[in-house]
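Trainee: Structure provided below as structure tokens; questions to follow.
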Amino acid sequence: MSGRTHVCVVGYGVAGQLHHRLLSGLGVRVSVVDPAAHRLSPSLPAFTRIEDVPRRTPVDVWSVCTPTAAHVETVAAVLDRDPRARLLVEKPVCRSWEAADLAALLAKYDESRLVVMNQYAHAAAPGILKAARKEWAPGHPVDAVRIAFGKDRRADIASGRFVDRDYGVFGYEWLHMLALLGTVLPPGVHDRYLATDPGAHDLGVAHDPELTSVAAHDRTRPQDGPAVELYSTIVGPQAGPGCPVPGWCPRTPPGAESRQRLVRVDAGPVSFSLELDPVGLPGGTPLPRNMHRLTMRRAEGAREWLIHDSPMENALRWALSTLFAPGAHPAPDLRGITRISRLAARARAQEQLPVGAPAPAAPRIPTVEVKPS
């Protein structure tokens, strides 16, 4: 990517700063729009509003890293300035009730391009897992897929960051898990999974009066597909008496980040476990960032591979290539946010069950009440 390419990052929180660092590493020139622009380094071109960005240095790509609640508003402001703008938007692309507004906006500005970031759709490790399955379990279809993402976000939430009262727990890691699920399931099965009514699922949710929900455990079997389980928590992988499935919560090395990203695939006599960064050694020493571990277990024993890969950098490269590619451009795939919207709606309905109604099955984790400041 040429150093002359100019990306303007809108929103300079955690995601925006990460975009800045990785884009700079790709040789891209970066400017920033953020309400606190005056506090940033004088060496970084920073502006308080989109309309303040000088037009004499055209913006090639707008990277939208604002809170989800401001995504559609930000996209509209960019398109009002440049009807042919190229936009990269962090996930979730919008709130549950805004999908139609976003689609109408993109239809109005039909010469624009918009792609949505979802780093795990571009990770290398799931492809290696798929190749290992074909080699070590030939002829065996996938019997079960389990994906678990957990992170202790209580400190962030208490300071007002990462607060999602629309999707609840489904707005944090669930789209990542759906992206990884798409790398394991055959395309047709994945399509049917996304279209399945969440009412047909065995969904357990830990509710919270301030945050809607803090954890969820979803179990289903799509037509002609394997058993699928997704589990996520925002109160830490070690919170409570344990995860719903043994082995879903790896030990956190002392001093390491309280986070897990785990994919397990069972195919015939072989089980594959993919631990995504952060990963630690058996003695507890954390490995460097962007290290992932794939473990294969069968009757003859186990094998293990360490994989170095940056899904975020891969996703940024893909986004820039897609935005600049010639020819027709597909509309953003909104099935993921439709999915988490329906799950969040079902979770809210479960919370409002009438007195005397049977309670739904819930994951074995506590309800944690956190009141943002």
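By convention here, the chains of the structure tokens are called A, B, ... in the order presented, each chain's residues are numbered starting at 1, and ligands are numbered starting at 1 in the order presented.
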Determine, counting only C-alpha atoms, which protein, DNA and RNA residues have an atom within 12 Å of an atom of Ala315 (chain A); residues of the same chain fewer than 6 positions away are not included. Present the result as a PyMOL selection string.

Mentor: chain A and resi 19+22-23+88-90+115-124+309+321-322

Trainee: Could you write out the selected residues, including C-alpha atoms, as a PDB file, in the first residue's frame?

Mentor:
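Below is the file that was written, again31.pdb:
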```
ATOM      1  CA  HIS A  19      -6.106   0.708  13.353  1.00  0.00           C
ATOM      2  CA  LEU A  22      -1.384  -1.334  12.012  1.00  0.00           C
ATOM      3  CA  LEU A  23      -2.128   1.015   9.113  1.00  0.00           C
ATOM      4  CA  LEU A  88     -14.222   0.549   6.686  1.00  0.00           C
ATOM      5  CA  VAL A  89     -16.522   0.085   9.703  1.00  0.00           C
ATOM      6  CA  GLU A  90     -15.754  -1.828  12.888  1.00  0.00           C
ATOM      7  CA  VAL A 115     -16.819  -3.122   4.240  1.00  0.00           C
ATOM      8  CA  VAL A 116     -17.169  -4.359   7.806  1.00  0.00           C
ATOM      9  CA  MET A 117     -14.215  -5.455   9.905  1.00  0.00           C
ATOM     10  CA  ASN A 118     -14.353  -8.917  11.429  1.00  0.00           C
ATOM     11  CA  GLN A 119     -10.797 -10.011  12.020  1.00  0.00           C
ATOM     12  CA  TYR A 120     -11.444 -13.714  12.614  1.00  0.00           C
ATOM     13  CA  ALA A 121     -12.996 -14.098   9.172  1.00  0.00           C
ATOM     14  CA  HIS A 122      -9.437 -13.552   7.888  1.00  0.00           C
ATOM     15  CA  ALA A 123      -7.373 -15.474  10.446  1.00  0.00           C
ATOM     16  CA  ALA A 124      -4.911 -18.055   9.112  1.00  0.00           C
ATOM     17  CA  ASP A 309      -0.546 -14.756  12.584  1.00  0.00           C
ATOM     18  CA  SER A 321      -7.807  -4.481  -1.185  1.00  0.00           C
ATOM     19  CA  THR A 322     -11.585  -4.899  -1.366  1.00  0.00           C
TER      20      THR A 322
END
```

Trainee: With a distance cut-off of 7 Å and only C-alpha atoms, select the neighbouring residues of Val59 (chain A), excluding the residue or stretch itself and same-chain residues fewer than 4 positions from it, and output the selection as number ranges by chain.

Mentor: A: 6-8

Trainee: As a compact mmCIF listing (two decimals) with N, CA, C and O atoms, in the first residue's frame, which residues of region 136-261 of chain A does DSSP assign to strand (DSSP E or B)?

Mentor:
```txt
# COMPACT_ATOMS: atom_id res chain seq x y z
N ALA A 144 -19.19 -32.11 15.81
CA ALA A 144 -19.55 -31.06 16.76
C ALA A 144 -18.56 -29.91 16.64
O ALA A 144 -17.38 -30.11 16.37
N VAL A 145 -19.09 -28.71 16.82
CA VAL A 145 -18.27 -27.49 16.85
C VAL A 145 -18.62 -26.74 18.13
O VAL A 145 -19.80 -26.48 18.40
N ARG A 146 -17.61 -26.40 18.91
CA ARG A 146 -17.82 -25.60 20.11
C ARG A 146 -16.87 -24.42 20.05
O ARG A 146 -15.66 -24.58 19.83
N ILE A 147 -17.40 -23.24 20.26
CA ILE A 147 -16.60 -22.01 20.23
C ILE A 147 -16.90 -21.23 21.50
O ILE A 147 -18.06 -21.00 21.83
N ALA A 148 -15.85 -20.81 22.19
CA ALA A 148 -16.02 -20.07 23.45
C ALA A 148 -15.11 -18.85 23.44
O ALA A 148 -13.90 -18.97 23.21
N PHE A 149 -15.69 -17.69 23.66
CA PHE A 149 -14.93 -16.44 23.78
C PHE A 149 -15.29 -15.82 25.12
O PHE A 149 -16.47 -15.60 25.41
N GLY A 150 -14.30 -15.53 25.92
CA GLY A 150 -14.56 -14.88 27.20
C GLY A 150 -13.53 -13.82 27.50
O GLY A 150 -12.35 -13.97 27.16
N LYS A 151 -13.98 -12.75 28.12
CA LYS A 151 -13.07 -11.70 28.55
C LYS A 151 -13.68 -10.99 29.74
O LYS A 151 -14.90 -10.77 29.79
N ASP A 152 -12.84 -10.64 30.70
CA ASP A 152 -13.32 -9.89 31.85
C ASP A 152 -13.32 -8.41 31.50
O ASP A 152 -12.28 -7.75 31.51
N ASP A 202 -31.43 -24.04 22.21
CA ASP A 202 -31.35 -24.14 23.66
C ASP A 202 -30.44 -23.00 24.11
O ASP A 202 -29.22 -23.12 24.06
N LEU A 203 -31.04 -21.90 24.49
CA LEU A 203 -30.28 -20.68 24.80
C LEU A 203 -30.37 -20.37 26.28
O LEU A 203 -31.47 -20.15 26.81
N GLY A 204 -29.24 -20.36 26.95
CA GLY A 204 -29.17 -19.94 28.34
C GLY A 204 -28.47 -18.60 28.44
O GLY A 204 -27.45 -18.38 27.78
N VAL A 205 -29.01 -17.68 29.21
CA VAL A 205 -28.48 -16.33 29.30
C VAL A 205 -28.37 -15.92 30.76
O VAL A 205 -29.29 -16.17 31.56
N ALA A 206 -27.25 -15.32 31.13
CA ALA A 206 -27.10 -14.70 32.44
C ALA A 206 -27.44 -13.22 32.29
O ALA A 206 -26.76 -12.49 31.57
N HIS A 207 -28.51 -12.78 32.95
CA HIS A 207 -29.00 -11.42 32.80
C HIS A 207 -28.34 -10.49 33.81
O HIS A 207 -27.82 -10.91 34.84
N ASP A 208 -28.39 -9.20 33.49
CA ASP A 208 -27.85 -8.18 34.38
C ASP A 208 -28.74 -6.96 34.27
O ASP A 208 -29.10 -6.54 33.17
N THR A 212 -28.15 -5.71 30.37
CA THR A 212 -29.01 -6.61 29.60
C THR A 212 -28.59 -8.06 29.81
O THR A 212 -29.37 -8.86 30.29
N SER A 213 -27.38 -8.41 29.43
CA SER A 213 -26.90 -9.78 29.61
C SER A 213 -25.38 -9.76 29.69
O SER A 213 -24.73 -8.89 29.09
N VAL A 214 -24.82 -10.71 30.44
CA VAL A 214 -23.36 -10.74 30.59
C VAL A 214 -22.75 -12.05 30.13
O VAL A 214 -21.53 -12.17 30.04
N ALA A 215 -23.58 -13.04 29.81
CA ALA A 215 -23.07 -14.32 29.30
C ALA A 215 -24.20 -15.06 28.62
O ALA A 215 -25.38 -14.85 28.91
N ALA A 216 -23.82 -15.93 27.68
CA ALA A 216 -24.82 -16.73 26.97
C ALA A 216 -24.20 -18.03 26.51
O ALA A 216 -23.01 -18.10 26.17
N HIS A 217 -25.03 -19.07 26.48
CA HIS A 217 -24.63 -20.40 26.03
C HIS A 217 -25.72 -20.87 25.08
O HIS A 217 -26.86 -21.07 25.47
N ASP A 218 -25.37 -21.02 23.79
CA ASP A 218 -26.33 -21.31 22.74
C ASP A 218 -26.02 -22.67 22.13
O ASP A 218 -24.90 -22.92 21.68
N ARG A 219 -27.02 -23.55 22.10
CA ARG A 219 -26.82 -24.90 21.56
C ARG A 219 -27.89 -25.18 20.51
O ARG A 219 -29.08 -24.94 20.75
N THR A 220 -27.46 -25.69 19.37
CA THR A 220 -28.40 -26.04 18.31
C THR A 220 -27.73 -27.00 17.35
O THR A 220 -26.53 -27.25 17.41
N ALA A 227 -23.62 -30.70 15.64
CA ALA A 227 -24.02 -29.97 16.84
C ALA A 227 -23.15 -28.74 16.98
O ALA A 227 -21.92 -28.79 16.79
N VAL A 228 -23.76 -27.61 17.29
CA VAL A 228 -23.04 -26.33 17.41
C VAL A 228 -23.32 -25.75 18.79
O VAL A 228 -24.49 -25.65 19.20
N GLU A 229 -22.26 -25.37 19.48
CA GLU A 229 -22.39 -24.68 20.76
C GLU A 229 -21.53 -23.43 20.75
O GLU A 229 -20.35 -23.48 20.38
N LEU A 230 -22.12 -22.32 21.14
CA LEU A 230 -21.39 -21.07 21.28
C LEU A 230 -21.57 -20.58 22.71
O LEU A 230 -22.68 -20.60 23.24
N TYR A 231 -20.47 -20.13 23.30
CA TYR A 231 -20.50 -19.65 24.68
C TYR A 231 -19.67 -18.39 24.78
O TYR A 231 -18.56 -18.32 24.25
N SER A 232 -20.20 -17.38 25.45
CA SER A 232 -19.44 -16.14 25.61
C SER A 232 -19.78 -15.49 26.94
O SER A 232 -20.93 -15.57 27.41
N THR A 233 -18.79 -14.85 27.54
CA THR A 233 -18.99 -14.11 28.77
C THR A 233 -18.17 -12.83 28.74
O THR A 233 -17.08 -12.79 28.15
N VAL A 235 -17.70 -11.31 31.77
CA VAL A 235 -17.28 -11.18 33.17
C VAL A 235 -16.10 -12.09 33.49
O VAL A 235 -15.83 -12.41 34.63
N ARG A 259 -8.64 -13.61 29.37
CA ARG A 259 -9.34 -13.68 28.10
C ARG A 259 -9.14 -15.06 27.49
O ARG A 259 -8.09 -15.68 27.68
N GLN A 260 -10.12 -15.56 26.79
CA GLN A 260 -9.97 -16.83 26.08
C GLN A 260 -10.67 -16.73 24.74
O GLN A 260 -11.67 -16.03 24.59
N ARG A 261 -10.13 -17.45 23.77
CA ARG A 261 -10.74 -17.55 22.44
C ARG A 261 -10.46 -18.97 21.97
O ARG A 261 -9.34 -19.28 21.57
```

Trainee: Could you check how far CA of Gly236 (chain A) sits from CA of Thr285 (chain A), in Å to one decimal?

Mentor: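 Separating CA of Gly236 (chain A) from CA of Thr285 (chain A) is a distance of 19.5 Å.
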
Trainee: Please provide the set of residues having any atom within 12 Å of Arg342 (chain A), restricted to only C-alpha atoms, with same-chain residues fewer than 6 positions apart removed, written as a list in words.

Mentor: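 Answer for this query is Arg95, Ser96, Trp97, Asp166, Tyr167, Gly168, Phe170, Gly171, Leu194, Ala195, Thr196, Asp197, Pro198, Gly199, Ala200, His201, Leu203, Arg335, Gly336, Arg348 and Ala349 of chain A.
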
Trainee: Select, from A:Val33, A:Leu105, A:Met291, A:Ala267, the residue with the minimum atom-to-atom distance to Lys134 (chain A), counting only C-alpha atoms.

Mentor: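 Closest to Lys134 (chain A) of all the choices is A:Ala267.
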
Trainee: Excluding region 63-72 of chain A and residues on its chain fewer than 5 positions from it, collect all residues at most 9 Å away from it, counting only C-alpha atoms, and give them as a short mmCIF file (atom, residue, chain, number, x, y, z; two decimals) with all heavy atoms, in the first residue's frame.

Mentor:
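That gives us selection_11.cif:
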```cif
data_model
loop_
_atom_site.label_atom_id
_atom_site.label_comp_id
_atom_site.auth_asym_id
_atom_site.auth_seq_id
_atom_site.Cartn_x
_atom_site.Cartn_y
_atom_site.Cartn_z
N VAL A 7 -5.72 7.34 5.06
CA VAL A 7 -6.84 6.78 5.80
C VAL A 7 -7.13 7.70 6.97
O VAL A 7 -6.23 8.03 7.75
CB VAL A 7 -6.55 5.36 6.31
CG1 VAL A 7 -7.71 4.85 7.15
CG2 VAL A 7 -6.29 4.41 5.14
N CYS A 8 -8.39 8.10 7.11
CA CYS A 8 -8.80 8.92 8.24
C CYS A 8 -9.56 8.03 9.22
O CYS A 8 -10.60 7.46 8.88
CB CYS A 8 -9.70 10.08 7.79
SG CYS A 8 -10.15 11.19 9.14
N VAL A 9 -9.02 7.89 10.42
CA VAL A 9 -9.63 7.07 11.47
C VAL A 9 -10.58 7.95 12.28
O VAL A 9 -10.15 8.94 12.88
CB VAL A 9 -8.55 6.45 12.38
CG1 VAL A 9 -9.19 5.68 13.52
CG2 VAL A 9 -7.62 5.56 11.57
N VAL A 10 -11.85 7.60 12.28
CA VAL A 10 -12.86 8.37 13.02
C VAL A 10 -13.16 7.63 14.32
O VAL A 10 -13.74 6.55 14.32
CB VAL A 10 -14.14 8.54 12.19
CG1 VAL A 10 -15.12 9.45 12.92
CG2 VAL A 10 -13.83 9.09 10.80
N GLY A 11 -12.75 8.24 15.42
CA GLY A 11 -12.88 7.59 16.73
C GLY A 11 -11.53 7.03 17.15
O GLY A 11 -11.04 6.08 16.54
N TYR A 12 -10.94 7.60 18.19
CA TYR A 12 -9.58 7.23 18.55
C TYR A 12 -9.54 6.56 19.92
O TYR A 12 -8.74 6.90 20.77
CB TYR A 12 -8.66 8.47 18.52
CG TYR A 12 -7.21 8.13 18.30
CD1 TYR A 12 -6.80 7.48 17.14
CD2 TYR A 12 -6.24 8.49 19.24
CE1 TYR A 12 -5.47 7.19 16.93
CE2 TYR A 12 -4.90 8.19 19.04
CZ TYR A 12 -4.52 7.54 17.88
OH TYR A 12 -3.18 7.23 17.66
N GLY A 13 -10.44 5.58 20.09
CA GLY A 13 -10.39 4.75 21.28
C GLY A 13 -9.46 3.57 21.05
O GLY A 13 -8.50 3.65 20.28
N VAL A 14 -9.76 2.45 21.71
CA VAL A 14 -8.90 1.27 21.59
C VAL A 14 -8.82 0.80 20.14
O VAL A 14 -7.73 0.57 19.61
CB VAL A 14 -9.42 0.15 22.51
CG1 VAL A 14 -8.63 -1.14 22.29
CG2 VAL A 14 -9.32 0.57 23.98
N ALA A 15 -9.97 0.65 19.48
CA ALA A 15 -9.97 0.16 18.10
C ALA A 15 -9.29 1.16 17.17
O ALA A 15 -8.51 0.78 16.29
CB ALA A 15 -11.40 -0.11 17.64
N GLY A 16 -9.60 2.44 17.34
CA GLY A 16 -8.99 3.45 16.47
C GLY A 16 -7.49 3.50 16.60
O GLY A 16 -6.76 3.63 15.60
N HIS A 19 -6.10 0.47 14.80
CA HIS A 19 -6.11 0.71 13.35
C HIS A 19 -4.95 1.62 12.96
O HIS A 19 -4.26 1.35 11.96
CB HIS A 19 -7.43 1.35 12.94
CG HIS A 19 -8.55 0.37 12.79
ND1 HIS A 19 -9.49 0.45 11.79
CD2 HIS A 19 -8.90 -0.71 13.53
CE1 HIS A 19 -10.36 -0.54 11.91
NE2 HIS A 19 -10.03 -1.24 12.98
N ASP A 34 -11.60 12.94 16.22
CA ASP A 34 -12.01 12.55 17.56
C ASP A 34 -12.34 13.81 18.36
O ASP A 34 -11.67 14.84 18.21
CB ASP A 34 -10.90 11.76 18.26
CG ASP A 34 -11.37 11.11 19.55
OD1 ASP A 34 -11.84 9.96 19.48
OD2 ASP A 34 -11.28 11.75 20.61
N ALA A 77 -22.45 11.10 7.72
CA ALA A 77 -21.68 12.34 7.64
C ALA A 77 -20.57 12.23 6.61
O ALA A 77 -20.29 13.19 5.87
CB ALA A 77 -21.11 12.68 9.02
N ARG A 86 -15.04 5.57 0.38
CA ARG A 86 -14.76 4.19 0.76
C ARG A 86 -14.69 4.14 2.29
O ARG A 86 -13.94 4.90 2.90
CB ARG A 86 -13.44 3.71 0.16
CG ARG A 86 -13.43 3.64 -1.38
CD ARG A 86 -12.05 3.23 -1.87
NE ARG A 86 -12.01 3.00 -3.29
CZ ARG A 86 -11.72 3.92 -4.20
NH1 ARG A 86 -11.49 5.17 -3.80
NH2 ARG A 86 -11.68 3.62 -5.49
N LEU A 87 -15.46 3.24 2.88
CA LEU A 87 -15.55 3.18 4.34
C LEU A 87 -15.25 1.79 4.86
O LEU A 87 -15.72 0.79 4.31
CB LEU A 87 -16.94 3.59 4.82
CG LEU A 87 -17.40 5.00 4.48
CD1 LEU A 87 -18.50 4.96 3.42
CD2 LEU A 87 -17.92 5.71 5.72
N LEU A 88 -14.50 1.76 5.93
CA LEU A 88 -14.22 0.55 6.69
C LEU A 88 -14.84 0.75 8.07
O LEU A 88 -14.50 1.70 8.77
CB LEU A 88 -12.71 0.34 6.79
CG LEU A 88 -12.17 -0.62 7.84
CD1 LEU A 88 -12.65 -2.03 7.58
CD2 LEU A 88 -10.65 -0.57 7.86
N VAL A 89 -15.78 -0.11 8.46
CA VAL A 89 -16.52 0.09 9.70
C VAL A 89 -16.26 -1.09 10.64
O VAL A 89 -16.35 -2.25 10.23
CB VAL A 89 -18.03 0.22 9.43
CG1 VAL A 89 -18.78 0.54 10.72
CG2 VAL A 89 -18.29 1.32 8.40
N GLU A 90 -15.95 -0.77 11.89
CA GLU A 90 -15.75 -1.83 12.89
C GLU A 90 -17.09 -2.51 13.16
O GLU A 90 -18.16 -1.95 12.97
CB GLU A 90 -15.19 -1.24 14.19
CG GLU A 90 -13.66 -1.30 14.27
CD GLU A 90 -13.13 -2.72 14.37
OE1 GLU A 90 -13.91 -3.64 14.70
OE2 GLU A 90 -11.93 -2.92 14.12
N LYS A 91 -17.00 -3.74 13.63
CA LYS A 91 -18.22 -4.48 13.98
C LYS A 91 -18.63 -4.14 15.41
O LYS A 91 -17.78 -3.75 16.21
CB LYS A 91 -18.00 -5.99 13.77
CG LYS A 91 -16.91 -6.62 14.68
CD LYS A 91 -17.48 -7.05 16.01
CE LYS A 91 -16.42 -7.52 16.96
NZ LYS A 91 -16.92 -7.66 18.34
N PRO A 92 -19.93 -4.30 15.76
CA PRO A 92 -21.07 -4.47 14.87
C PRO A 92 -21.27 -3.23 14.00
O PRO A 92 -21.07 -2.11 14.48
CB PRO A 92 -22.25 -4.66 15.84
CG PRO A 92 -21.65 -4.99 17.17
CD PRO A 92 -20.34 -4.29 17.18
N VAL A 93 -21.69 -3.42 12.77
CA VAL A 93 -21.77 -2.29 11.85
C VAL A 93 -22.84 -1.30 12.29
O VAL A 93 -22.74 -0.10 11.99
CB VAL A 93 -22.02 -2.80 10.41
CG1 VAL A 93 -23.39 -3.46 10.28
CG2 VAL A 93 -21.86 -1.68 9.40
N CYS A 94 -23.88 -1.76 13.00
CA CYS A 94 -24.91 -0.84 13.47
C CYS A 94 -25.71 -1.52 14.57
O CYS A 94 -25.53 -2.70 14.85
CB CYS A 94 -25.82 -0.40 12.32
SG CYS A 94 -26.78 -1.75 11.56
N ARG A 95 -26.61 -0.76 15.18
CA ARG A 95 -27.50 -1.32 16.19
C ARG A 95 -28.63 -2.10 15.53
O ARG A 95 -28.86 -1.97 14.32
CB ARG A 95 -28.04 -0.19 17.08
CG ARG A 95 -26.97 0.44 17.94
CD ARG A 95 -27.49 1.63 18.72
NE ARG A 95 -27.81 2.75 17.86
CZ ARG A 95 -28.21 3.94 18.31
NH1 ARG A 95 -28.32 4.16 19.61
NH2 ARG A 95 -28.48 4.92 17.47
N GLU A 98 -31.15 -0.47 13.16
CA GLU A 98 -30.62 0.46 12.16
C GLU A 98 -30.23 -0.20 10.85
O GLU A 98 -29.77 0.48 9.93
CB GLU A 98 -29.39 1.18 12.73
CG GLU A 98 -29.70 2.09 13.91
CD GLU A 98 -28.44 2.69 14.52
OE1 GLU A 98 -27.43 1.97 14.64
OE2 GLU A 98 -28.48 3.89 14.87
N ASP A 101 -31.94 1.33 7.88
CA ASP A 101 -31.45 2.70 7.63
C ASP A 101 -30.09 2.65 6.93
O ASP A 101 -29.83 3.44 6.01
CB ASP A 101 -31.32 3.45 8.95
CG ASP A 101 -32.66 3.72 9.60
OD1 ASP A 101 -33.67 3.70 8.89
OD2 ASP A 101 -32.69 3.93 10.83
N LEU A 102 -29.23 1.74 7.37
CA LEU A 102 -27.91 1.62 6.74
C LEU A 102 -28.05 1.17 5.29
O LEU A 102 -27.40 1.72 4.40
CB LEU A 102 -27.05 0.64 7.53
CG LEU A 102 -25.65 0.40 6.95
CD1 LEU A 102 -24.82 1.68 6.98
CD2 LEU A 102 -24.93 -0.71 7.72
N LEU A 105 -29.21 4.00 3.19
CA LEU A 105 -28.14 4.98 3.02
C LEU A 105 -27.18 4.54 1.92
O LEU A 105 -26.78 5.33 1.05
CB LEU A 105 -27.40 5.14 4.35
CG LEU A 105 -26.42 6.30 4.49
CD1 LEU A 105 -27.11 7.64 4.32
CD2 LEU A 105 -25.73 6.22 5.86
N PHE A 162 -16.95 -0.04 26.24
CA PHE A 162 -17.49 -1.34 25.85
C PHE A 162 -18.84 -1.62 26.51
O PHE A 162 -19.07 -2.72 26.99
CB PHE A 162 -16.49 -2.46 26.19
CG PHE A 162 -15.18 -2.35 25.47
CD1 PHE A 162 -14.03 -2.00 26.14
CD2 PHE A 162 -15.11 -2.59 24.11
CE1 PHE A 162 -12.83 -1.89 25.48
CE2 PHE A 162 -13.90 -2.50 23.44
CZ PHE A 162 -12.76 -2.14 24.13
N ASP A 164 -22.64 -2.17 25.89
CA ASP A 164 -23.59 -2.46 24.82
C ASP A 164 -24.92 -2.87 25.46
O ASP A 164 -25.09 -4.02 25.87
CB ASP A 164 -23.08 -3.57 23.91
CG ASP A 164 -23.90 -3.69 22.63
OD1 ASP A 164 -25.12 -3.45 22.70
OD2 ASP A 164 -23.33 -4.01 21.57
#
```

Trainee: What is the CA of Asp191 (chain A)-CA of Ala331 (chain A) distance in Å, reported with one decimal?

Mentor: 16.7 Å

Trainee: To one decimal place in Å, what is the distance between CA of Gly268 (chain A) and CA of Glu173 (chain A)?

Mentor: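 These two atoms are separated by 28.6 Å.
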
Trainee: Measuring atom to atom with only C-alpha atoms, identify which of A:Asp110, A:Glu210, A:Asp266, A:Glu300 is nearest to His140 (chain A).

Mentor: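 Going through A:Asp110, A:Glu210, A:Asp266, A:Glu300 one by one, the smallest distance to His140 (chain A) is for A:Asp266.
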
Trainee: Which residue, A:Gly284, A:Ser31, A:Ala344, A:Val189, has the smallest gap to Ser43 (chain A) when you use only C-alpha atoms?

Mentor: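 So, comparing all the options, the nearest one is A:Ser31.
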
Trainee: So, counting only C-alpha atoms, which residue among A:Gly160, A:Pro42, A:Val263, A:Pro222 is closest to His190 (chain A)?

Mentor: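 When distances to His190 (chain A) are compared using only C-alpha atoms, the smallest one comes from A:Pro222.
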
Trainee: Write down as a PyMOL selection string the residues of region 83-289 of chain A whose backbone DSSP state falls under helix (DSSP H, G or I).

Mentor: chain A and resi 96-108+119-122+125-136+154-158+168-171+174-184+187-195+198-200
